[in-house]
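First the structure, in the form of structure tokens, and then the observations on it.
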Amino acid sequence: MSKPADLLQGTLDMLLLKILALEPLNGFSISQRLRQVSGDVLQVSDGSLYPALHKLEEEGWIKSEWKMTENKRRAKFYALTPPGRTQLEKEAQNWSRLAAAISGVVSLRKA
Amino acid sequence: MRAANWIYTLPLKLRSLFRRRQADRELDEELRYHISCKTQENVAKGMTAEAARRAALLEMGGVEQTKEACRDQRSLSFVDELAQDLRYAARMLAMRPGFATIVILTLASGIGATTAVFSVIDRVFFRSLPYPQDDRLVSFGVKAPFESIEFMLAPEYLVLRKEPGPFVSMTSLTPGRADCDITEQNPGRLTCALVESNFLSTFEIQPIAGRDFTREDDRPNAPRVALLSYGLWRSRFGADPRAVGKIISVDAKPVEIVGVLPASFEMPNLATPDMLLPQAQDEAAQDRTHPQLILRTFARLKPGITIAQATAALQPWFQDSLRFVPPQFRAEVSLRVRSLRDRQIEDSRVGARVLFGAVIAVLLLACTNVANLLLVRAVGRQRELAVRAALGASRARLAQQTLTESLLLALAGGLAGCGLAYVLLRIFVSIAPQGIVRLQQASLDLRVLSFCFGVSVLCGILFGVAPALAKPVPESLVGRSARTTARGFLRHALVTAQIAGSLILLTSAGLLLRSLWKIQSVPTGLDAQHVVTAQISLAEHRYPGAARQLAFYREVESRIGRIPGVEFVALSNSLPPSGSMQATFFATIDVPGRPRPAEGTGGMVGFRMVTPNYFRALRIPMVRGRAFTDADRAPAENPVILSETLAAKLFPNENAIGKMLRFSSTAEKAPWRTIVGIAANVKNNGLTVDADPELYIPWKDDPAAYVLHSYVTFVTSLNSATVMPWARTEIASLDPTVPVEFGTMTARIGKLTERPRFDAVLLSLFAAIAVLLAALGLYGVVSFFVSQRTQEIGVRMALGATPRGISAMVLSNVARWTAAGASLGLLGARFCTRLLQSLLFEVRAHDPLLLTMALLMLVAVALAAAWIPARRAAQVEPVVALRYE
């Protein structure tokens, strides 16, 4: 209900964890960063972003804190937790395996 | 890894549970921030303020939806769901307060009665005794036919003590109630107990002040010392620690207080002495061939030794000690080692079990009733369930909700039950007879309340399971109530079980009542009407010799005899129909020209020392010969009167009058006594067993008659309540320090039926509750049956069925289930009442008359309960019924 249909199950979680692994960000900045890094390939609507963030927080992979932004406004910043980091590594590994497997299958078709 | 997550997730969970509003506010702010940033960004791209904001909102895909989606991510914890369910359940119950009240009251009756009985049983059976490692404490000794509690002869004990075998340590106390007087300022009568010096250390109890007894204190001529009970320490010494070391005068002799017992201290024989004194027995004087002193003996088992092992280990010693037992007794004595608890609850066990069984039955009946009520109500809520199921509630979720409701009901019932238990316990304690172990200690403490809570939860699960398993019926969505008869069977089966259960309880109560009635109509052999008794205990230090005692008693006799309206003042050293009485073995009675039996004791023969008026005061008829006269009080006279049984036993088919006999065991040169009369039998060891053979000897003006405890008995034509204070004043004017306990003979006999009456009253109470519950259950089920079938009844009537026929239809339905329940109940009663047998007196457990009566009563109640709904069915207007719904 909250995940975009065009993203693989769990991929959004991994993307968010990866983004937050670099630095703590607030929700708006995360949406900007998503668009920047994926070059508009991955369309994540704002309506899907926040539920996904809240879910990660419930899982204990990220934590939130209210802080001031550069332009002096209060915003909720999310940061990775140690369990989140472990989770990210695991998902990244899974992803590599999955990606390798899929590209293997795809190249098989071509041949 | 997940385990570490809780550090991060717990605050969130707590927040979503307790600070829901704050979480919502933050969510709101977070999204608002995003929208405003987005709007700014859009404006920067060149949109108008209006369009920029709309685009931002569109991107969000609806703020409220997003919020909802975020909220969905919050884990709805179990507690959270529970809180939701509870709120819902409370609303549902509040909507139908009548239903809730009936359920809660039904449960309260079951849980309350169970809790009250448990609070008593717990003390008897389960709670540990107030000694460290109480499970290793045993009572041991010789079991003999004339004494229900094991004992030991002092010399044998001393032999065993040298090699304690299976015991870590063993200790002893001198049995019997020992009066002792404080003979200084504020003199008073106390109870003392004589114990061995290692008594406290064996039970691993330490005095709270001062010291324990030492071996030195136990020497025969040691300076006298005492341990105060906590109660006496508080009442007489104001809990002053300086009481330790004080010298007080006990029985006119100086005694040093060396210590104070803890408040929780309890004697192993449950006596409540004010002081403990060392036995100070002269061990050297104890002779195995002429034992004098009897001891109650206790021991602490070595770790790992069982009671059976200990018994086996003591056998060699026991066999050895048999050598010193007169040969005729050997076959009748045995060794007994049993746990301290077993010794204490000897008489209470069966009664307590029966009561607990009965009350559990009542509890189950209450649960059954509630289960039935909920099942009936579940039918009414089918549509609600179907709607919720259609909206996506899983069956597990629905079951959880239903179960929560049941539990809420159960807990409310439990709470009310605790209140009821408090009241019931007060009632138990006030109507209970003496001698129910630890009843006075019973209270609703934390342990009992936890039990109550546990029982409530269990009940909630028990009666909640059936309704929780109800499957939502989609058809009920259509709007017509689905007339499913599924689980109609369950409802009826529950009612059947109720009828069976209440029949069992009814039969048991009937048996106890009938037994009580039999006990009360047992002829005692004496006429208790207008008879007043007074128990007098003289203190040895004030009345040291027989002469002083005799003078006092003679004076009492004549002073009371001068009170107007008082007749036949008699003295005796014991009184029927129960209580302690001097006794000897039948085998020790010598009759001239007859050899003694070689084997066996021949049983006990009681003997009483009485003044001539005794037979007149109690109106005991002389079957043959004469009663004592004043002439028999002369020291030279040695007459004796036999009970009928004893006469028949000693002189079968002979006239005993004029024959001679003597007790050879009492003294070397016991006088020969002439039989002058034969008295009718009188009950002398309770009502429910055959009277022991008995003989009477005159209370003579003989300086050898040493009697400290005696009874004055007289007949009065006045109200006993007016005579008692008068007689008390007369005795007090002789010696104000002598304690006198007045009573009537009727009350004395009545005391013997207290215990069976208590059992019978309680069981009847439970049976009454059970029958009431069964009737209510039946009424509910039949009413439901009728209301479900109103339409059908209407059709039947429209087709020509008579109201009589309709009633018959309903009643025959009831009759089927009642009959099934009754047959089950009869089977159950056959089994259960067998457990009652030991409580019954002259009533067979399978008394057919009683079973029939119980059955008839139950059927009558069942039909009465079914009558009202059956009549309602008969009065159904066909037209109304056909339009029903």
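Each chain in the structure tokens gets a letter, A, B and so on, in the order shown; residues start at 1 in every chain, and ligands are counted from 1 in the order they appear.
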
Restrict the calculation to only C-alpha atoms, then for each residue of chain B with any atom at most 9 Å from an atom of chain A give the closest atom pair and their distance in Å to one decimal, rows by chain and rising residue number, as a Markdown table.
| residue | atom | partner | partner_atom | distance |
| --- | --- | --- | --- | --- |
| B:Met1 | CA | A:Pro83 | CA | 6.8 |
| B:Arg2 | CA | A:Pro83 | CA | 7.8 |
| B:Ala4 | CA | A:Pro83 | CA | 7.2 |
| B:Asn5 | CA | A:Gly60 | CA | 5.2 |
| B:Trp6 | CA | A:Gly60 | CA | 7.0 |
| B:Ile7 | CA | A:Gly60 | CA | 7.9 |
| B:Tyr8 | CA | A:Gly60 | CA | 5.1 |
| B:Thr9 | CA | A:Gly60 | CA | 5.1 |
| B:Leu10 | CA | A:Gly60 | CA | 8.8 |
| B:Leu12 | CA | A:Glu58 | CA | 7.0 |
| B:Lys13 | CA | A:Glu58 | CA | 7.9 |
| B:Glu26 | CA | A:Lys76 | CA | 8.6 |
| B:Glu29 | CA | A:Ala75 | CA | 8.2 |
| B:Glu30 | CA | A:Lys76 | CA | 6.3 |
| B:Leu31 | CA | A:Tyr50 | CA | 8.3 |
| B:Tyr33 | CA | A:Ala75 | CA | 6.8 |
| B:His34 | CA | A:Phe28 | CA | 5.3 |
| B:Ile35 | CA | A:Phe28 | CA | 8.5 |
| B:Cys37 | CA | A:Phe28 | CA | 7.1 |
| B:Lys38 | CA | A:Phe28 | CA | 7.6 |
| B:Ala56 | CA | A:Asp46 | CA | 8.9 |
| B:Glu59 | CA | A:Asp46 | CA | 5.9 |
| B:Met60 | CA | A:Gly47 | CA | 4.4 |
| B:Gly61 | CA | A:Gly47 | CA | 5.3 |
| B:Gly62 | CA | A:Gly47 | CA | 7.4 |
| B:Val63 | CA | A:Gly47 | CA | 7.8 |
| B:Gln65 | CA | A:Gly47 | CA | 8.0 |
| B:Thr66 | CA | A:Gly47 | CA | 5.4 |
| B:Lys67 | CA | A:Pro51 | CA | 7.9 |
| B:Glu68 | CA | A:Pro51 | CA | 8.7 |
| B:Ala69 | CA | A:Pro51 | CA | 5.6 |
| B:Cys70 | CA | A:Pro51 | CA | 4.3 |
| B:Arg71 | CA | A:Pro51 | CA | 7.8 |
| B:Asp72 | CA | A:Pro51 | CA | 8.0 |
| B:Gln73 | CA | A:Lys55 | CA | 5.1 |
| B:Arg74 | CA | A:Glu58 | CA | 6.3 |
| B:Ser75 | CA | A:Glu58 | CA | 6.9 |

Output C-alpha atoms of each residue in that selection to a file, as a CSV table (one decimal), in the first residue's frame.
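Result went into selection_7.csv, see below:
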chain,number,residue,atom,x,y,z
B,1,MET,CA,20.8,-8.6,15.7
B,2,ARG,CA,17.1,-8.0,16.3
B,4,ALA,CA,19.8,-5.1,19.9
B,5,ASN,CA,17.1,-3.2,18.1
B,6,TRP,CA,14.9,-2.8,21.0
B,7,ILE,CA,17.2,0.0,22.4
B,8,TYR,CA,16.0,2.1,19.4
B,9,THR,CA,12.5,0.8,19.0
B,10,LEU,CA,11.4,0.7,22.6
B,12,LEU,CA,9.0,4.6,19.8
B,13,LYS,CA,6.7,1.8,21.0
B,26,GLU,CA,5.3,15.4,15.2
B,29,GLU,CA,4.9,18.9,11.6
B,30,GLU,CA,7.2,16.7,9.6
B,31,LEU,CA,4.9,16.6,6.6
B,33,TYR,CA,7.8,21.0,6.7
B,34,HIS,CA,8.1,18.9,3.6
B,35,ILE,CA,5.2,20.5,1.9
B,37,CYS,CA,10.0,23.1,1.3
B,38,LYS,CA,8.5,21.5,-1.7
B,56,ALA,CA,3.5,19.8,-3.6
B,59,GLU,CA,3.2,14.9,-5.0
B,60,MET,CA,2.4,13.9,-1.5
B,61,GLY,CA,-0.6,12.0,-2.7
B,62,GLY,CA,-3.0,13.3,-0.1
B,63,VAL,CA,-1.6,14.4,3.3
B,65,GLN,CA,-3.6,9.3,3.4
B,66,THR,CA,0.1,9.6,4.0
B,67,LYS,CA,-0.4,10.2,7.6
B,68,GLU,CA,-2.5,7.2,7.9
B,69,ALA,CA,0.1,5.1,6.0
B,70,CYS,CA,2.7,6.4,8.4
B,71,ARG,CA,0.6,5.5,11.4
B,72,ASP,CA,0.1,2.1,10.0
B,73,GLN,CA,3.8,1.6,10.2
B,74,ARG,CA,3.8,2.1,13.9
B,75,SER,CA,3.8,-1.3,15.3

Open item on the list: I need the residues of region 9-104 of chain A that end up classed as alpha helix (DSSP H) by DSSP on the backbone, written out as JSON, numbers by chain.
Closed with: {"A": [11, 12, 13, 14, 15, 16, 17, 18, 19, 20, 21, 22, 27, 28, 29, 30, 31, 32, 33, 34, 35, 36, 37, 38, 46, 47, 48, 49, 50, 51, 52, 53, 54, 55, 56, 57, 58, 59, 82, 83, 84, 85, 86, 87, 88, 89, 90, 91, 92, 93, 94, 95, 96, 97, 98, 99, 100, 101, 102, 103, 104]}

Open item on the list: I'd like to know which of B:Leu446, B:Glu156, B:Pro612, B:Asn42 is closest to Gln319 (chain B), using only C-alpha atoms.
Closed with: B:Glu156

Task: Test item: residues at most 6 Å from Ala21 (chain A), only C-alpha atoms, excluding those fewer than 3 positions along its chain, as a PyMOL selection string - done: chain A and resi 17-18+80

Open item on the list: For a quick check of understanding, using only C-alpha atoms, which of A:Arg85, A:Lys67, A:Lys72, A:Lys90 has the smallest distance to Leu25 (chain A)?
Closed with: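 For Leu25 (chain A), the nearest of the candidates is A:Lys67.
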
- [ ] Give me the residues within 10 Å of region 338-350 of chain B as a ChimeraX atom specification, counting only C-alpha atoms and dropping any in the same chain fewer than 3 places off.
- [x] /B:121,124-126,128-129,134-141,148-150,268-270,298-301,307-308,310-311,353-356,435-438,755,835-839
